[in-house]
Every structure is written in C-alpha cells, then in structure tokens.
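Enquirer: This is the structure I want to talk about, given as structure tokens.
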Amino acid sequence: MAKKRDYYEVLGVAKGASKDEVKKAYRKVALKYHPDRNPGDKAAEDKFKEAAEAYEVLSNDEKKQAYDRFGHAGVNGQGGFSQGGFSMDDIFSQFSDIFGGGFDFFGGGGRGGGRRQQQRRSQGQQGSNLRIKVGLTLEEISKGVRKKIKVKKYITCDTCSGSGAKHANAVKTCHTCNGSGYVQKVQNTFLGQMKTTTACPTCNGSGKMITSKCESCSGEGRIYGEETLQLDIPAGVSEGMQLSMTSAGNAGMNGGPKGDLLINIEEKEHQVFTRDGNNVLFELDVNFADAVLGTSVEVPTLSGNVKITLPAGTPAGKVFRLRNKGLPSIQGYATGDQLIHVNIWVPKNISTEERKSLERMQRSKNFKPSEKEKQERKGIFDRMKDFFGG
C-alpha cells in the first residue's frame, strides 16, 4: 500500500491555514482534477479522491486536531473517505456543497451530485440537532450508565405520520419541479457550462404540494412534544465531553430526517473523591497515635470499601496507591488508580492526662528528628531551591 501524502501538502496549504484557506485550496485542486474535466484519467481521479479525503479531515476541527497530533493514525476509523465508508457520490456531494448546490460540468451529469441532492430534498427538511446536558457521578462514570430522560423537542406528528397532509389524497406532485424537489440553472463560466442545482422554491424541496393540511401540525408534519430517550453512557467519559445519538434530535418537516442529539457530559462534585485524569484522589485523616504506632483502616473506593495497612511511623503527606481503583479510559485501554493522601489530624481539645503524656513525648529524643534526618530534609529543600531558582 502506497504511503499517504501529508494532507496539507495535498491541498498546498500551510499547517496553520484557516478554514477559508483550506476550503479555497480544496476548490482549486478539486476543479483541476475533477473526472469530468479529465475523462478516463485514473491518476487525476486518484488525486481528486485524495483532495476530498484531505479536505474532509482538515475542515473538521476535531479530526484536524487529531491529525495534527498523531498524523494519519489519529484519524483512522473516523469516517474519512480513505476508510472505504464513502462512495464517489459522497465525494461529489461534498464537492457540490462547497459550490452551494448540485453541479454538472459540460453537461456531464455531475456524476451523482444532483441525484443525491434530489434524494435529500425529496425527503423534506431535515430537523435540527438538539443539545442537552447530563450530570454524572464518579460512580456512574467508572462503570458506564444507562439513563432514561424526558426531552422536549419536535416529534413526528402521529395524525399524519409526518406527511403534513390531512389525508392521502391531499398530496399532489409539485408542478414546478415535477416531483424531483429541485430545479436546475445553467450558467456559463470560465470553466465551461455549469449547472447548479437548488431546492425547488415552490415546494421547498419536498417535490410535493399539500392541498389540505393536517390540522394537528398545521402541515409541518411535526409537533412540539416530549419524548423519553434511553442514553447509554460509556465508562470513562469526562467533563465537557460530547456524545452524539444519531436521529434522536428534532423531527424534520414534512417527513424529513431527524437531527442528532448532542449530549454534553457534566461531572457532579463528589463528597469524598477528587478526579485527576483517570486517577481518583482521597484524603485520609489519621490521628497522631495511629500514624506513630501503625493501624489498619477502611477507606472508600468507587467499587466499595477496602482495608489498607498504615505501617508504624507513617508521615504526614505519605501517598498510598490502590492499583486499578480509579476510572477507566474512554477507549478501555487502561484503568487509573486511587491515590490516598495521608493527613495527620490534630485535636483541638485534650484532657490533662493527655497533655502530660504529650509533654513527656515532647521531651523524648525519640520524638525529635535525628541529625541524619535533618540533613536529608535540608538536601531536599536545597534541591527545590535550585529547581525553582530561589
């Protein structure tokens, strides 16, 4: 398999090029190598496909960011033309969208662009995307969760099943476009004769005329209502992440396709845990006696309580690590840890007997750092000063 060329090189733009510059460069390359201008030229057709693939990635903020960081490996499996999920019709449709409609060079038919425009418009107007926020606890994020939510949005009219007509005989073929949903206009350009395809102004691209409108939806084919949706949230999501449910957004007009549902993730503040990437942080308070003598304590985790042993002489600031007790990565490759930070809890009120015991400890050499320990601490401090330039 031949090595793919750099996408910026394919379009002839710099890495920091703006969206408008990328779009302009794609138009130039696509026009140059368009199959209708290079009939039978396999090399030109390959360059046309290559330019479409480059534009599909560089015009998408998310894919461009992944490509800039990881190269071609960063966009594998993201629906690029190179993955075999797009046909030439998709590429021509993309090309026609750049020019604001369907197209047809030199009377050649546009290789499917006009047909796709007709197909989309004859289905009515597509519904808009819908955006919601979903709050999740760390426990839900750690395992993934299924939620049922009620969403207010445009839904398909039950009375007319989305057609917008009062009855079946109330739908007639549009006389302007003869049911195609689009009209064509021929223009002479420096490239030759070009046909542009636009939605029919009479029927708004539906190809049909309604003579008697549905009373429930006033001919729109949809009404504003409420729908219960089931959301399957995968484990490992994080604050600000956006998920998408295809065709779960607002219903389209006159039987048009539904928009998508965009789900923005919000993390709820936890009472005892703090998230740090895929790790979970927990502050453990122990008293002075337990820190000196050692003890076993029970600590909470996202999957239940576990016991850990604090060895004798545990200092304040000591961090214990529970492997794989954190959060999974969204890709499922690894799981974070739970980090337990030890704090020495100091009581404010003590009895007379306790005070006498502490005073005896205060005088004991066992409760004072040795010269060796002092030197070790001084060495650490000096290294910190050197590091921070203090």
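Chain lettering (A, B, ...) mirrors the order of the structure tokens, residue numbering begins at 1 for each chain separately, and ligand numbering begins at 1 in order of display.
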Can you tell me which residues surround Lys213 of chain A at a distance of at most 9 Å, considering only C-alpha atoms, apart from same-chain residues fewer than 2 positions away, and format the answer as a VMD selection string?
Expert: chain A and resid 164 to 167 170 210 to 211 215 to 220
Enquirer: Those residues with N, CA and C atoms, as a PDB file, in the first residue's frame please?
Expert:
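Once written, again-v9.pdb looks like this:
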ATOM      1  N   GLY A 164     -47.720  15.843   6.829  1.00  0.00           N
ATOM      2  CA  GLY A 164     -48.253  17.203   6.850  1.00  0.00           C
ATOM      3  C   GLY A 164     -49.598  17.333   6.163  1.00  0.00           C
ATOM      4  N   ALA A 165     -50.082  16.243   5.560  1.00  0.00           N
ATOM      5  CA  ALA A 165     -51.347  16.285   4.813  1.00  0.00           C
ATOM      6  C   ALA A 165     -52.502  15.756   5.657  1.00  0.00           C
ATOM      7  N   LYS A 166     -53.689  16.291   5.397  1.00  0.00           N
ATOM      8  CA  LYS A 166     -54.871  15.879   6.140  1.00  0.00           C
ATOM      9  C   LYS A 166     -55.251  14.447   5.816  1.00  0.00           C
ATOM     10  N   HIS A 167     -55.050  14.064   4.541  1.00  0.00           N
ATOM     11  CA  HIS A 167     -55.320  12.685   4.110  1.00  0.00           C
ATOM     12  C   HIS A 167     -54.443  12.408   2.894  1.00  0.00           C
ATOM     13  N   ALA A 170     -54.618  14.429  -0.299  1.00  0.00           N
ATOM     14  CA  ALA A 170     -54.317  15.865  -0.194  1.00  0.00           C
ATOM     15  C   ALA A 170     -52.883  16.178  -0.600  1.00  0.00           C
ATOM     16  N   ILE A 210     -49.120  20.154  -0.756  1.00  0.00           N
ATOM     17  CA  ILE A 210     -50.222  19.715   0.113  1.00  0.00           C
ATOM     18  C   ILE A 210     -51.412  20.633  -0.122  1.00  0.00           C
ATOM     19  N   THR A 211     -52.507  20.028  -0.557  1.00  0.00           N
ATOM     20  CA  THR A 211     -53.714  20.818  -0.842  1.00  0.00           C
ATOM     21  C   THR A 211     -54.593  20.999   0.385  1.00  0.00           C
ATOM     22  N   GLU A 215     -54.527  19.162  10.482  1.00  0.00           N
ATOM     23  CA  GLU A 215     -54.928  20.160  11.465  1.00  0.00           C
ATOM     24  C   GLU A 215     -54.078  20.072  12.739  1.00  0.00           C
ATOM     25  N   SER A 216     -53.540  18.897  13.033  1.00  0.00           N
ATOM     26  CA  SER A 216     -52.764  18.731  14.277  1.00  0.00           C
ATOM     27  C   SER A 216     -51.427  19.459  14.212  1.00  0.00           C
ATOM     28  N   CYS A 217     -50.774  19.424  13.052  1.00  0.00           N
ATOM     29  CA  CYS A 217     -49.437  20.019  12.930  1.00  0.00           C
ATOM     30  C   CYS A 217     -49.397  21.203  11.978  1.00  0.00           C
ATOM     31  N   SER A 218     -50.560  21.618  11.454  1.00  0.00           N
ATOM     32  CA  SER A 218     -50.653  22.747  10.516  1.00  0.00           C
ATOM     33  C   SER A 218     -49.802  22.532   9.272  1.00  0.00           C
ATOM     34  N   GLY A 219     -49.681  21.270   8.847  1.00  0.00           N
ATOM     35  CA  GLY A 219     -48.982  20.955   7.606  1.00  0.00           C
ATOM     36  C   GLY A 219     -47.475  20.773   7.748  1.00  0.00           C
ATOM     37  N   GLU A 220     -46.915  20.904   8.963  1.00  0.00           N
ATOM     38  CA  GLU A 220     -45.462  20.762   9.127  1.00  0.00           C
ATOM     39  C   GLU A 220     -45.012  19.313   9.219  1.00  0.00           C
TER      40      GLU A 220
END
Enquirer: Near Val297 of chain A, within 7 Å and counting only C-alpha atoms, which residues show up once chain neighbours fewer than 6 positions away are dropped, as a list of chain:residue names?
Expert: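 Here the qualifying residues turn out to be A:Lys307, A:Ile308, A:Thr309.
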Enquirer: Identify, on the basis of only C-alpha atoms, every residue whose closest approach to segment 241-257 of chain A does not exceed 9 Å; exclude the query and any residue fewer than 3 positions from it along the same chain; express the result as a PyMOL selection string.
Expert: chain A and resi 120-131+153-156+161-165+206+219-223+229+231+233+237-238+260-266
Enquirer: Calculated over only C-alpha atoms, which of the candidates A:Ala14, A:Ala30, A:Ala25, A:Met209 has the smallest distance to Ser180 of chain A?
Expert: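 When distances to Ser180 of chain A are compared using only C-alpha atoms, the smallest one comes from A:Met209.
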Enquirer: Could you pull the residues within 8 Å of Lys150 of chain A, counting only C-alpha atoms, minus those fewer than 4 positions along the same chain, as a ChimeraX atom specification?
Expert: /A:226-229
Enquirer: Apply DSSP to the structure's backbone, then extract all residues of segment 111-267 of chain A labelled alpha helix (DSSP H) and return them as a VMD selection string.
Expert: chain A and resid 113 to 121 138 to 143
Enquirer: List every residue of segment 113-259 of chain A that DSSP, applied to the backbone of this structure, places in strand (DSSP E), and write the result as a PyMOL selection string.
Expert: chain A and resi 130-136+145-156+171-173+182-189+192-199+208-210+222-233+242-245
Enquirer: For the atom pair atom CA of Val346 of chain A and atom CA of Arg321 of chain A, what is the interatomic distance in Å to one decimal place?
Expert: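 Between atom CA of Val346 of chain A and atom CA of Arg321 of chain A the gap is 24.0 Å.
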Enquirer: Rounded to one decimal place, report the atom CA of Asp68 of chain A-atom CA of Ala17 of chain A distance in Å.
Expert: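 Atom CA of Asp68 of chain A sits 12.2 Å away from atom CA of Ala17 of chain A.
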Enquirer: Go through A:Lys147, A:His72, A:Lys318, A:Lys24 and flag the residue nearest Lys3 of chain A, using only C-alpha atoms for the distances.
Expert: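 Residue with the minimum atom-to-atom distance to Lys3 of chain A: A:His72.
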Enquirer: Interatomic distance between atom CA of Gly313 of chain A and atom CA of Asp290 of chain A?
Expert: 8.6 Å
Enquirer: Using only C-alpha atoms, what table do you get, as a tab-separated table, when you list each residue of segment 138-159 of chain A with an atom no more than 12 Å from segment 268-279 of chain A, its nearest pair of atoms, and their distance in Å rounded to one decimal, rows by chain then rising number?
Expert:
residue	atom	partner	partner_atom	distance
A:Leu138	CA	A:His270	CA	7.1
A:Glu139	CA	A:His270	CA	9.4
A:Glu140	CA	A:Lys268	CA	10.2
A:Ile141	CA	A:Lys268	CA	10.2
A:Ser142	CA	A:Asn278	CA	9.4
